[in-house]
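Asker: Provided herewith: upload02.cif, mmCIF, C-alpha atoms and all ligand atoms.
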data_final
#
loop_
_atom_site.label_atom_id
_atom_site.label_comp_id
_atom_site.auth_asym_id
_atom_site.auth_seq_id
_atom_site.Cartn_x
_atom_site.Cartn_y
_atom_site.Cartn_z
CA MET A 1257 -37.66 13.37 187.83
CA THR A 1258 -40.34 11.97 190.16
CA ALA A 1259 -39.93 9.20 192.73
CA ASN A 1260 -40.44 5.80 191.12
CA ALA A 1261 -39.07 7.13 187.84
CA ARG A 1262 -39.67 4.82 184.92
CA ARG A 1263 -36.27 4.11 183.38
CA LEU A 1264 -36.47 3.67 179.61
CA ALA A 1265 -33.29 2.67 177.76
CA TYR A 1266 -32.47 2.71 174.05
CA PHE A 1267 -29.31 2.44 171.99
CA GLU A 1268 -27.93 5.21 169.78
CA ARG A 1269 -31.02 6.99 168.43
CA TRP A 1270 -34.72 6.80 167.74
CA VAL A 1271 -35.80 6.69 164.13
CA ASP A 1272 -37.16 10.22 164.51
CA PRO A 1273 -36.33 12.80 167.22
CA VAL A 1274 -40.04 13.34 167.93
CA ALA A 1275 -39.90 10.39 170.34
CA GLU A 1276 -37.14 11.93 172.44
CA GLU A 1277 -39.01 15.25 172.49
CA MET A 1278 -42.22 13.57 173.68
CA LEU A 1279 -40.53 11.40 176.30
CA ARG A 1280 -38.17 14.06 177.70
CA ALA A 1281 -41.24 16.22 178.36
CA ARG A 1282 -42.54 13.59 180.80
CA PRO A 1283 -41.21 14.07 184.35
CA GLU A 1284 -42.04 10.48 185.31
CA ILE A 1285 -39.82 9.01 182.56
CA ASP A 1286 -36.04 8.82 182.78
CA LEU A 1287 -34.98 8.41 179.15
CA ILE A 1288 -31.51 6.86 178.93
CA ARG A 1289 -29.50 6.81 175.72
CA LEU A 1290 -26.85 4.09 175.47
CA ALA A 1291 -24.11 3.71 172.84
CA TYR A 1292 -22.97 0.35 171.49
CA ALA A 1293 -19.38 1.61 171.68
CA ASP A 1294 -19.57 1.80 175.49
CA SER A 1295 -19.45 -1.93 175.58
CA GLY A 1296 -17.95 -2.13 179.07
CA GLY A 1297 -19.92 -2.52 182.25
CA ASP A 1298 -21.89 0.74 181.91
CA ASN A 1299 -24.42 -0.52 179.41
CA ALA A 1300 -24.87 -3.72 181.38
CA ALA A 1301 -25.39 -1.82 184.64
CA THR A 1302 -27.89 0.59 183.07
CA MET A 1303 -29.81 -2.18 181.34
CA ALA A 1304 -29.90 -4.17 184.58
CA ARG A 1305 -31.92 -1.30 186.12
CA ALA A 1306 -34.07 -0.41 183.10
CA HIS A 1307 -37.86 -0.85 183.28
CA GLY A 1308 -38.32 -0.35 179.55
CA TYR A 1309 -36.22 -1.19 176.51
CA GLN A 1310 -36.88 0.40 173.12
CA ILE A 1311 -35.14 -2.17 170.97
CA ALA A 1312 -33.53 -1.34 167.62
CA PRO A 1313 -34.47 -3.14 164.41
CA ARG A 1314 -32.56 -6.39 163.71
CA THR A 1315 -30.50 -4.69 160.97
CA GLU A 1316 -29.05 -2.13 163.41
CA LEU A 1317 -29.17 -4.17 166.63
CA ARG A 1318 -25.90 -5.52 168.04
CA GLU A 1319 -25.16 -8.45 170.30
CA PRO A 1320 -25.64 -8.90 173.22
CA TRP A 1321 -28.72 -6.66 173.09
CA PHE A 1322 -31.17 -8.96 171.27
CA ALA A 1323 -34.12 -9.60 173.60
CA ASP A 1324 -33.49 -13.25 174.36
CA ALA A 1325 -33.57 -15.29 177.57
CA SER A 1326 -30.02 -14.23 178.40
CA LEU A 1327 -30.89 -10.51 178.20
CA LEU A 1328 -33.96 -11.08 180.37
CA ARG A 1329 -31.76 -12.73 183.02
CA ARG A 1330 -29.35 -9.78 182.89
CA CYS A 1331 -32.19 -7.22 183.13
CA PRO A 1332 -34.30 -8.33 186.11
CA GLN A 1333 -36.21 -5.03 186.34
CA LEU A 1334 -37.34 -5.06 182.74
CA LEU A 1335 -41.11 -4.78 182.37
CA ALA A 1336 -41.62 -4.01 178.69
CA ILE A 1337 -39.88 -4.11 175.32
CA SER A 1338 -41.05 -2.09 172.35
CA SER A 1339 -40.00 -2.49 168.73
CA THR A 1340 -39.36 0.23 166.16
CA GLY A 1341 -41.84 -0.95 163.57
CA ALA A 1342 -44.27 -3.77 163.01
CA GLY A 1343 -41.65 -6.51 163.18
CA PHE A 1344 -40.43 -7.94 166.49
CA ASP A 1345 -38.39 -10.91 165.30
CA MET A 1346 -35.39 -9.78 167.39
CA VAL A 1347 -37.44 -10.48 170.55
CA ASP A 1348 -37.95 -13.95 172.03
CA VAL A 1349 -41.63 -13.41 172.81
CA ALA A 1350 -42.09 -16.77 174.58
CA ALA A 1351 -39.18 -16.01 176.93
CA CYS A 1352 -40.63 -12.54 177.62
CA THR A 1353 -44.07 -13.96 178.39
CA ALA A 1354 -42.57 -16.51 180.78
CA ALA A 1355 -40.62 -13.71 182.52
CA GLY A 1356 -43.67 -11.39 182.78
CA VAL A 1357 -42.23 -8.90 180.29
CA ILE A 1358 -44.69 -7.42 177.81
CA VAL A 1359 -43.76 -6.88 174.16
CA CYS A 1360 -45.30 -4.08 172.09
CA ASN A 1361 -44.86 -3.18 168.45
CA GLN A 1362 -45.83 -0.27 166.20
CA SER A 1363 -47.93 -2.18 163.69
CA GLY A 1364 -49.86 0.08 161.37
CA SER A 1365 -47.50 3.03 161.70
CA ASN A 1366 -45.70 2.26 158.46
CA LYS A 1367 -48.38 0.36 156.56
CA GLU A 1368 -48.69 2.99 153.84
CA ALA A 1369 -44.93 3.06 153.31
CA VAL A 1370 -44.56 -0.71 153.01
CA ALA A 1371 -47.68 -1.22 150.89
CA GLU A 1372 -46.55 1.48 148.45
CA HIS A 1373 -43.11 -0.13 148.28
CA ALA A 1374 -44.57 -3.57 147.54
CA LEU A 1375 -46.58 -2.01 144.75
CA GLY A 1376 -43.47 -0.19 143.51
CA LEU A 1377 -41.59 -3.48 143.30
CA MET A 1378 -44.49 -5.11 141.42
CA LEU A 1379 -44.57 -2.25 138.93
CA ALA A 1380 -40.79 -2.21 138.55
CA LEU A 1381 -40.74 -5.95 137.88
CA ALA A 1382 -43.65 -6.03 135.43
CA LYS A 1383 -42.22 -3.10 133.47
CA ASN A 1384 -38.55 -4.13 133.68
CA ILE A 1385 -37.68 -0.80 135.26
CA GLY A 1386 -34.71 -2.04 137.27
CA ALA A 1387 -33.34 -4.21 134.48
CA THR A 1388 -33.61 -1.51 131.80
CA ASP A 1389 -32.15 1.17 134.06
CA ARG A 1390 -29.09 -1.03 134.65
CA ALA A 1391 -28.88 -2.03 130.97
CA LEU A 1392 -29.03 1.58 129.71
CA ARG A 1393 -26.08 2.51 131.86
CA ARG A 1394 -23.83 -0.16 130.34
CA THR A 1395 -25.18 -0.78 126.78
CA ALA A 1396 -25.39 1.58 123.78
CA GLY A 1397 -28.24 1.15 121.26
CA LEU A 1398 -30.41 -0.95 123.57
CA GLU A 1399 -33.08 -3.04 121.78
CA ARG A 1400 -36.22 -1.89 123.60
CA PHE A 1401 -38.51 -4.68 122.40
CA ALA A 1402 -36.38 -7.14 124.35
CA TYR A 1403 -37.85 -5.51 127.47
CA THR A 1404 -41.56 -5.56 126.65
CA GLY A 1405 -43.44 -5.18 129.91
CA ARG A 1406 -46.77 -6.26 131.31
CA GLU A 1407 -49.60 -4.37 132.95
CA LEU A 1408 -50.91 -4.90 136.47
CA ALA A 1409 -54.49 -4.07 135.48
CA GLY A 1410 -56.79 -7.05 135.80
CA ARG A 1411 -54.09 -9.40 137.13
CA THR A 1412 -54.22 -11.40 140.33
CA VAL A 1413 -52.21 -10.64 143.45
CA GLY A 1414 -51.77 -13.17 146.25
CA ILE A 1415 -51.18 -11.58 149.66
CA VAL A 1416 -49.51 -13.80 152.23
CA GLY A 1417 -50.50 -12.44 155.66
CA ILE A 1418 -53.31 -9.88 155.51
CA GLY A 1419 -52.63 -7.70 158.55
CA GLN A 1420 -52.49 -3.93 158.30
CA ILE A 1421 -49.84 -3.82 155.55
CA GLY A 1422 -51.38 -6.69 153.59
CA THR A 1423 -54.79 -5.00 153.81
CA ARG A 1424 -53.40 -1.72 152.50
CA THR A 1425 -51.56 -3.52 149.68
CA ALA A 1426 -54.81 -5.26 148.78
CA ALA A 1427 -56.65 -1.91 148.67
CA LEU A 1428 -54.00 -0.35 146.42
CA CYS A 1429 -53.97 -3.33 144.03
CA ARG A 1430 -57.75 -3.42 143.83
CA GLY A 1431 -58.36 0.31 143.79
CA LEU A 1432 -55.62 1.37 141.39
CA PHE A 1433 -55.54 -1.57 139.00
CA GLY A 1434 -58.74 -3.56 139.53
CA MET A 1435 -56.67 -6.59 140.46
CA THR A 1436 -58.22 -9.75 141.88
CA VAL A 1437 -56.94 -10.08 145.43
CA LEU A 1438 -56.40 -13.49 147.05
CA ALA A 1439 -55.03 -13.88 150.55
CA HIS A 1440 -53.58 -16.65 152.66
CA ASP A 1441 -53.84 -16.06 156.39
CA PRO A 1442 -54.43 -19.05 158.68
CA TYR A 1443 -55.39 -16.78 161.61
CA LEU A 1444 -58.38 -15.08 159.97
CA SER A 1445 -61.80 -16.38 158.92
CA ASP A 1446 -63.07 -16.15 155.33
CA ALA A 1447 -65.40 -13.35 156.46
CA GLU A 1448 -62.61 -11.36 158.15
CA VAL A 1449 -60.37 -11.72 155.10
CA ALA A 1450 -63.28 -10.53 152.94
CA THR A 1451 -63.66 -7.39 155.10
CA ARG A 1452 -59.96 -6.77 154.46
CA GLY A 1453 -60.61 -6.83 150.73
CA ALA A 1454 -59.51 -10.30 149.65
CA ALA A 1455 -60.77 -13.82 149.03
CA LYS A 1456 -59.27 -16.30 151.48
CA VAL A 1457 -57.64 -19.28 149.74
CA PRO A 1458 -55.19 -22.00 150.79
CA LEU A 1459 -51.54 -21.19 150.07
CA ASP A 1460 -51.30 -23.77 147.26
CA GLU A 1461 -54.22 -22.19 145.42
CA LEU A 1462 -52.80 -18.70 145.91
CA LEU A 1463 -49.46 -19.79 144.48
CA ALA A 1464 -51.10 -21.46 141.49
CA ARG A 1465 -53.31 -18.48 140.63
CA ALA A 1466 -51.35 -15.34 141.51
CA ASP A 1467 -49.45 -13.22 138.98
CA PHE A 1468 -47.77 -11.51 141.95
CA VAL A 1469 -47.16 -13.16 145.32
CA SER A 1470 -46.58 -10.46 147.95
CA VAL A 1471 -45.38 -11.48 151.43
CA HIS A 1472 -46.68 -9.49 154.42
CA CYS A 1473 -46.55 -11.93 157.35
CA PRO A 1474 -44.22 -11.68 160.37
CA ARG A 1475 -41.11 -13.81 160.55
CA ASN A 1476 -41.51 -16.43 163.27
CA GLU A 1477 -41.09 -20.17 163.77
CA GLU A 1478 -44.09 -20.83 161.54
CA THR A 1479 -43.09 -18.63 158.63
CA PHE A 1480 -39.28 -19.04 158.61
CA GLY A 1481 -38.45 -20.88 155.36
CA MET A 1482 -42.12 -20.88 154.31
CA PHE A 1483 -41.12 -20.27 150.68
CA GLY A 1484 -38.84 -23.02 149.45
CA ALA A 1485 -38.39 -25.05 146.25
CA ALA A 1486 -41.88 -26.61 146.47
CA GLU A 1487 -43.63 -23.22 146.82
CA PHE A 1488 -41.70 -21.61 143.96
CA ALA A 1489 -42.47 -24.68 141.82
CA ARG A 1490 -46.20 -24.12 142.41
CA MET A 1491 -46.06 -20.53 141.13
CA LYS A 1492 -46.77 -19.74 137.49
CA PRO A 1493 -43.63 -19.28 135.37
CA THR A 1494 -44.94 -15.80 134.53
CA ALA A 1495 -45.46 -14.83 138.19
CA TYR A 1496 -43.35 -12.54 140.36
CA PHE A 1497 -42.40 -13.03 144.02
CA VAL A 1498 -42.22 -9.92 146.24
CA ASN A 1499 -41.05 -9.86 149.86
CA THR A 1500 -41.16 -6.63 151.86
CA ALA A 1501 -41.73 -8.44 155.18
CA ARG A 1502 -38.65 -10.23 156.49
CA GLY A 1503 -35.61 -12.09 155.21
CA GLY A 1504 -35.73 -15.78 156.04
CA ILE A 1505 -39.40 -16.21 155.11
CA HIS A 1506 -38.12 -17.24 151.69
CA ASP A 1507 -35.22 -19.63 151.33
CA GLU A 1508 -32.67 -17.61 149.35
CA SER A 1509 -31.00 -20.62 147.68
CA ALA A 1510 -34.38 -22.02 146.61
CA LEU A 1511 -35.34 -18.62 145.18
CA ALA A 1512 -32.04 -18.40 143.29
CA ALA A 1513 -32.63 -21.90 141.88
CA ALA A 1514 -36.19 -20.99 140.82
CA LEU A 1515 -34.91 -17.85 139.06
CA ALA A 1516 -32.02 -19.69 137.41
CA GLY A 1517 -34.41 -22.39 136.18
CA ARG A 1518 -36.90 -19.72 134.96
CA ARG A 1519 -39.58 -21.33 137.10
CA ILE A 1520 -40.78 -17.82 138.07
CA ALA A 1521 -40.54 -14.52 136.19
CA GLY A 1522 -38.65 -12.48 138.78
CA ALA A 1523 -38.45 -11.26 142.35
CA GLY A 1524 -38.69 -7.96 144.20
CA LEU A 1525 -36.81 -8.12 147.49
CA ASP A 1526 -36.58 -5.52 150.22
CA VAL A 1527 -35.42 -8.04 152.81
CA PHE A 1528 -32.56 -10.51 153.14
CA LEU A 1529 -31.47 -13.09 155.66
CA VAL A 1530 -28.38 -11.01 156.47
CA GLU A 1531 -28.78 -7.27 155.97
CA PRO A 1532 -27.55 -5.43 154.14
CA PRO A 1533 -26.73 -8.20 151.65
CA ALA A 1534 -23.18 -8.27 150.28
CA PRO A 1535 -22.83 -6.88 146.72
CA ASP A 1536 -21.93 -10.40 145.54
CA HIS A 1537 -25.08 -11.96 147.05
CA PRO A 1538 -26.25 -14.58 144.48
CA LEU A 1539 -29.74 -13.06 144.21
CA LEU A 1540 -28.28 -9.69 143.18
CA ALA A 1541 -26.77 -11.31 140.07
CA PHE A 1542 -30.18 -11.81 138.41
CA GLU A 1543 -31.40 -9.16 135.97
CA ASN A 1544 -34.99 -10.02 136.89
CA VAL A 1545 -34.43 -9.31 140.57
CA ILE A 1546 -35.01 -5.81 141.87
CA ALA A 1547 -33.64 -5.29 145.35
CA THR A 1548 -33.77 -2.57 147.98
CA PRO A 1549 -32.02 -2.54 151.38
CA HIS A 1550 -34.97 -2.95 153.78
CA ILE A 1551 -36.25 0.56 153.14
CA ALA A 1552 -39.91 -0.24 152.48
CA GLY A 1553 -41.05 0.88 155.91
CA ILE A 1554 -38.77 3.86 156.40
CA THR A 1555 -40.24 6.82 154.58
CA GLU A 1556 -39.96 10.17 156.38
CA GLU A 1557 -43.65 9.96 157.24
CA ALA A 1558 -43.43 6.40 158.53
CA LEU A 1559 -40.35 7.10 160.68
CA ARG A 1560 -42.13 9.95 162.39
CA ASN A 1561 -45.31 7.89 162.82
CA MET A 1562 -43.38 4.94 164.28
CA ALA A 1563 -41.38 7.09 166.71
CA ALA A 1564 -44.44 9.03 167.88
CA ALA A 1565 -46.50 5.84 168.24
CA ALA A 1566 -43.76 4.19 170.30
CA ALA A 1567 -43.35 7.23 172.57
CA GLU A 1568 -47.10 7.50 173.09
CA GLN A 1569 -47.26 3.80 173.88
CA TRP A 1570 -44.47 4.10 176.49
CA ILE A 1571 -46.33 6.98 178.15
CA THR A 1572 -49.50 4.86 178.22
CA LEU A 1573 -47.92 1.73 179.60
CA PHE A 1574 -45.79 3.52 182.20
CA ALA A 1575 -49.03 5.12 183.47
CA GLY A 1576 -50.31 1.58 184.14
CA ARG A 1577 -52.69 1.51 181.20
CA VAL A 1578 -52.98 -1.22 178.58
CA PRO A 1579 -50.75 -0.42 175.58
CA PRO A 1580 -52.62 -0.41 172.26
CA ARG A 1581 -50.23 -2.72 170.41
CA LEU A 1582 -49.60 -5.44 172.97
CA VAL A 1583 -48.10 -8.53 171.31
CA ASN A 1584 -48.21 -10.98 174.24
CA PRO A 1585 -51.34 -10.49 176.39
CA ALA A 1586 -50.54 -13.78 178.15
CA ALA A 1587 -47.73 -11.93 179.97
CA TRP A 1588 -50.18 -9.47 181.57
CA PRO A 1589 -50.90 -11.18 184.95
CA LEU A 1590 -47.23 -11.68 185.86
CA TYR A 1591 -46.30 -8.31 184.32
CA SER A 1592 -48.94 -6.61 186.50
CA GLN A 1593 -47.50 -8.15 189.67
CA ARG A 1594 -43.96 -7.17 188.70
CA PHE A 1595 -45.04 -3.65 187.67
CA GLU A 1596 -46.71 -3.10 191.04
CA ALA A 1597 -43.70 -4.46 192.94
CA LEU A 1598 -41.27 -2.25 191.00
CA LEU A 1599 -43.27 0.92 190.38
CA GLY A 1600 -45.85 0.92 193.14
CA ILE A 1601 -49.07 0.91 191.11
CA ARG A 1602 -51.13 -1.97 189.78
CA PRO A 1603 -51.71 -1.71 185.99
CA ASP A 1604 -55.27 -1.76 184.65
CA PRO A 1605 -56.74 -5.20 183.99
CA LEU A 1606 -56.65 -6.38 180.40
CA PRO A 1607 -60.12 -5.95 178.84
CA GLY A 1608 -61.50 -9.49 178.49
CA GLY A 1609 -58.00 -10.85 178.98
CA PRO A 1610 -56.14 -13.12 181.40
C1 LIG A 1701 -41.08 -3.05 160.33
C2 LIG A 1701 -40.21 -2.86 159.17
O1 LIG A 1701 -40.77 -3.89 161.19
O2 LIG A 1701 -40.43 -1.91 158.40
O3 LIG A 1701 -42.10 -2.36 160.44
O4 LIG A 1701 -39.27 -3.63 158.97
#
Would you kindly transcribe this structure into structure tokens?
Answerer:
Amino acid sequence: MTANARRLAYFERWVDPVAEEMLRARPEIDLIRLAYADSGGDNAATMARAHGYQIAPRTELREPWFADASLLRRCPQLLAISSTGAGFDMVDVAACTAAGVIVCNQSGSNKEAVAEHALGLMLALAKNIGATDRALRRTAGLERFAYTGRELAGRTVGIVGIGQIGTRTAALCRGLFGMTVLAHDPYLSDAEVATRGAAKVPLDELLARADFVSVHCPRNEETFGMFGAAEFARMKPTAYFVNTARGGIHDESALAAALAGRRIAGAGLDVFLVEPPAPDHPLLAFENVIATPHIAGITEEALRNMAAAAAEQWITLFAGRVPPRLVNPAAWPLYSQRFEALLGIRPDPLPGGP
């Protein structure tokens, strides 16, 4: 270990051991594994001295280790927080920016996995794969014509949030099935959305035209509860709703009401407000719902990609360079001062940034 060691803490395990291998090979990094079970003062003391925190996904993360204002007060040496995957909804980004703590994610590392899963849910819904699989296991002499499916070819998909995963989903839908791809993304111009393979439309138009609505935006203050009764009412009664992004973006009671009232044809859900959902969750009672337990982004390939990307990013940022997936560039000036005070070198300036 060198002087001015960079202390990087994480709980329990990385999603793939490649990260530990990469980080343990770096003499300047002191990689510290914590266990939730050691809930006494040890975790608190270690976290109070940590410069970096590799935070677990919301589903696995335990209190009091969410990255909120309270954690930032308890960890005065913290310089950076990095998420497992693309999502960082367990981090209070505004509080981090105010405290001069940078937030990084691993966006792009699991885009193939999630896009393929979204497509899998669309196919499973349109062809009644989940419903017939369940029915076959409990019913003899099943009447197959009761489960006539539909094809994806030539249909319209509406992508909500066309970042890396949305772009890959668009490419699969277009390339494999010749689907028309619409996208709603308030942060991108018509031209940028076009380069990502979709026609930019307002959300209302997307809902009215799409045969499949596929959600790929982050969960934040703007998107929490974005799909409620009014949005489901705008969808076609033959259309399917698919969410592989985050629970909470759709209102679960409103979705259950839309399904019960046959206002939409079905839903494919990889994400829930509380995960994993209880077996008696109301949405799991619908035959036209196909559900998975937030596994879209965790293929073997994606787990390795995410772990390696995170480790590489820690090595970059601890060397004082700009990390490639910086979420809050506004934190950079204060972060740079704090980094220099704690670790003795001034990080590089942000290209074109504050
Ligand atoms: C992610 C996820 O955040 O898969 O990338 O949930």
Asker: Using only C-alpha atoms and all ligand atoms, which residue out of A:Ile1551, A:Ala1512, A:Met1378, A:Val1498 lies closest to ligand LIG 1701 (chain A)?
Answerer: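 Closest candidate: A:Ile1551.
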Asker: Which is closest to ligand LIG 1701 (chain A) among A:Gly1553, A:Gly1431, A:Gly1376, A:Pro1458, if we use only C-alpha atoms and all ligand atoms?
Answerer: A:Gly1553
Asker: Which residues of chain A come within 6 Å of ligand LIG 1701 (chain A), and what is each one's closest atom pair and distance in Å (one decimal), counting all atoms listed in the file, sorted by chain and residue number, as a Markdown table?
Answerer:
| residue | atom | partner | partner_atom | distance |
| --- | --- | --- | --- | --- |
| A:Gly1341 | CA | A:LIG1701 | O3 | 3.4 |
| A:Ala1342 | CA | A:LIG1701 | O3 | 3.6 |
| A:Gly1343 | CA | A:LIG1701 | O1 | 3.4 |
| A:Gly1553 | CA | A:LIG1701 | O2 | 3.8 |
Asker: Could you take the residues named above and write them with C-alpha atoms, as a PDB file, keeping the file's coordinate frame?
Answerer:
ATOM      1  CA  GLY A1341     -41.840  -0.950 163.570  1.00  0.00           C
ATOM      2  CA  ALA A1342     -44.270  -3.770 163.010  1.00  0.00           C
ATOM      3  CA  GLY A1343     -41.650  -6.510 163.180  1.00  0.00           C
ATOM      4  CA  GLY A1553     -41.050   0.880 155.910  1.00  0.00           C
TER       5      GLY A1553
END
Asker: What's around Leu1511 (chain A) at 12 Å? Count only C-alpha atoms, leave out sequence neighbours fewer than 5 positions away in its own chain, and write the answer as an MDAnalysis selection string.
Answerer: chainID A and resid 1481:1489 1491 1496:1499 1503:1506 1516:1525 1528 1538:1540 1542 1544:1545
Asker: Find the nearest atom pair between each residue of region 1514-1538 of chain A and region 1298-1319 of chain A for residues within 12 Å, count all atoms listed in the file, give distances in Å to one decimal, sort rows by chain and ascending number, and present the table as a Markdown table.
Answerer:
| residue | atom | partner | partner_atom | distance |
| --- | --- | --- | --- | --- |
| A:Val1527 | CA | A:Thr1315 | CA | 10.1 |
| A:Phe1528 | CA | A:Thr1315 | CA | 10.0 |
| A:Leu1529 | CA | A:Thr1315 | CA | 10.0 |
| A:Val1530 | CA | A:Thr1315 | CA | 8.0 |
| A:Glu1531 | CA | A:Thr1315 | CA | 5.9 |
| A:Pro1532 | CA | A:Thr1315 | CA | 7.5 |
| A:Pro1533 | CA | A:Thr1315 | CA | 10.6 |
Asker: Take CA of Leu1408 (chain A) and CA of Ala1396 (chain A) and report the distance between them in Å, one decimal.
Answerer: 29.2 Å
Asker: Between CA of Arg1594 (chain A) and CA of Gly1608 (chain A), what is the distance in Å, rounded to a tenth?
Answerer: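 Spanning CA of Arg1594 (chain A) to CA of Gly1608 (chain A) is a straight-line distance of 20.4 Å.
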Asker: Need the shell around Thr1479 (chain A): protein/DNA/RNA residues with any atom at most 12 Å away, counting all atoms listed in the file. Skip same-chain ones fewer than 5 positions apart. Format as a list in words?
Answerer: Asp1345, Val1416, Gly1417, Asp1441, Pro1442, Val1471, His1472, Cys1473, Pro1474, Gly1484, Ala1501, Arg1502, Gly1503, Gly1504, Ile1505, His1506 and Asp1507 of chain A
Asker: Restricting the calculation to all atoms listed in the file, which member of A:Asp1389, A:Asp1272, A:Glu1277, A:Asp1286 is positioned closest to Ile1546 (chain A)?
Answerer: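 Closest residue, counting all atoms listed in the file: A:Asp1389.
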Asker: Using Å and a single decimal, report how far CA of Leu1328 (chain A) sits from CA of Pro1273 (chain A).
Answerer: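 Computing it gives 27.4 Å between the two atoms.
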Asker: Find the spatial neighbours of Asp1467 (chain A), counting only C-alpha atoms, within a cut-off of 7 Å - ignore same-chain residues fewer than 5 positions away - and output them as a list in words.
Answerer: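 Counting only the stated atoms, we get Arg1411, Thr1412, Val1413, Thr1494, Ala1495 and Tyr1496 of chain A.
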Asker: Of the candidates A:Leu1590, A:Ala1541, A:Val1583, A:Ile1571, which one gets nearest to Leu1287 (chain A) if we count all atoms listed in the file?
Answerer: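 For Leu1287 (chain A), the nearest of the given residues is A:Ile1571.
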Asker: Please identify all polymer residues within 9 Å of Leu1290 (chain A), counting only C-alpha atoms, omitting same-chain residues fewer than 2 positions from it, and present them as a PDB file with C-alpha atoms, in the coordinates of the input.
Answerer:
ATOM      1  CA  ALA A1265     -33.290   2.670 177.760  1.00  0.00           C
ATOM      2  CA  TYR A1266     -32.470   2.710 174.050  1.00  0.00           C
ATOM      3  CA  PHE A1267     -29.310   2.440 171.990  1.00  0.00           C
ATOM      4  CA  GLU A1268     -27.930   5.210 169.780  1.00  0.00           C
ATOM      5  CA  ARG A1269     -31.020   6.990 168.430  1.00  0.00           C
ATOM      6  CA  ILE A1288     -31.510   6.860 178.930  1.00  0.00           C
ATOM      7  CA  TYR A1292     -22.970   0.350 171.490  1.00  0.00           C
ATOM      8  CA  ALA A1293     -19.380   1.610 171.680  1.00  0.00           C
ATOM      9  CA  ASP A1294     -19.570   1.800 175.490  1.00  0.00           C
ATOM     10  CA  ASP A1298     -21.890   0.740 181.910  1.00  0.00           C
ATOM     11  CA  ASN A1299     -24.420  -0.520 179.410  1.00  0.00           C
ATOM     12  CA  THR A1302     -27.890   0.590 183.070  1.00  0.00           C
TER      13      THR A1302
END
Asker: Could you please fill out region 1340-1353 of chain A with N, CA and C atoms and send it back as a PDB file, in the frame of the given file?
Answerer:
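Now in part.pdb:
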ATOM      1  N   THR A1340     -39.307  -1.004 166.964  1.00  0.00           N
ATOM      2  CA  THR A1340     -39.360   0.230 166.160  1.00  0.00           C
ATOM      3  C   THR A1340     -40.576   0.246 165.248  1.00  0.00           C
ATOM      4  N   GLY A1341     -40.763  -0.881 164.553  1.00  0.00           N
ATOM      5  CA  GLY A1341     -41.840  -0.950 163.570  1.00  0.00           C
ATOM      6  C   GLY A1341     -42.794  -2.078 163.886  1.00  0.00           C
ATOM      7  N   ALA A1342     -43.313  -2.679 162.810  1.00  0.00           N
ATOM      8  CA  ALA A1342     -44.270  -3.770 163.010  1.00  0.00           C
ATOM      9  C   ALA A1342     -43.562  -5.050 163.453  1.00  0.00           C
ATOM     10  N   GLY A1343     -42.351  -5.249 162.935  1.00  0.00           N
ATOM     11  CA  GLY A1343     -41.650  -6.510 163.180  1.00  0.00           C
ATOM     12  C   GLY A1343     -41.023  -6.569 164.574  1.00  0.00           C
ATOM     13  N   PHE A1344     -41.049  -7.771 165.165  1.00  0.00           N
ATOM     14  CA  PHE A1344     -40.430  -7.940 166.490  1.00  0.00           C
ATOM     15  C   PHE A1344     -39.664  -9.260 166.538  1.00  0.00           C
ATOM     16  N   ASP A1345     -39.070  -9.621 165.393  1.00  0.00           N
ATOM     17  CA  ASP A1345     -38.390 -10.910 165.300  1.00  0.00           C
ATOM     18  C   ASP A1345     -37.034 -10.920 166.011  1.00  0.00           C
ATOM     19  N   MET A1346     -36.627  -9.791 166.605  1.00  0.00           N
ATOM     20  CA  MET A1346     -35.390  -9.780 167.390  1.00  0.00           C
ATOM     21  C   MET A1346     -35.710  -9.948 168.879  1.00  0.00           C
ATOM     22  N   VAL A1347     -36.986 -10.277 169.162  1.00  0.00           N
ATOM     23  CA  VAL A1347     -37.440 -10.480 170.550  1.00  0.00           C
ATOM     24  C   VAL A1347     -37.917 -11.923 170.693  1.00  0.00           C
ATOM     25  N   ASP A1348     -37.439 -12.605 171.723  1.00  0.00           N
ATOM     26  CA  ASP A1348     -37.950 -13.950 172.030  1.00  0.00           C
ATOM     27  C   ASP A1348     -39.224 -13.751 172.851  1.00  0.00           C
ATOM     28  N   VAL A1349     -40.360 -13.762 172.155  1.00  0.00           N
ATOM     29  CA  VAL A1349     -41.630 -13.410 172.810  1.00  0.00           C
ATOM     30  C   VAL A1349     -41.990 -14.449 173.883  1.00  0.00           C
ATOM     31  N   ALA A1350     -41.743 -15.720 173.602  1.00  0.00           N
ATOM     32  CA  ALA A1350     -42.090 -16.770 174.580  1.00  0.00           C
ATOM     33  C   ALA A1350     -41.301 -16.556 175.874  1.00  0.00           C
ATOM     34  N   ALA A1351     -40.012 -16.235 175.731  1.00  0.00           N
ATOM     35  CA  ALA A1351     -39.180 -16.010 176.930  1.00  0.00           C
ATOM     36  C   ALA A1351     -39.687 -14.786 177.684  1.00  0.00           C
ATOM     37  N   CYS A1352     -40.098 -13.750 176.960  1.00  0.00           N
ATOM     38  CA  CYS A1352     -40.630 -12.540 177.620  1.00  0.00           C
ATOM     39  C   CYS A1352     -41.908 -12.875 178.375  1.00  0.00           C
ATOM     40  N   THR A1353     -42.804 -13.619 177.730  1.00  0.00           N
ATOM     41  CA  THR A1353     -44.070 -13.960 178.390  1.00  0.00           C
ATOM     42  C   THR A1353     -43.797 -14.731 179.672  1.00  0.00           C
TER      43      THR A1353
END
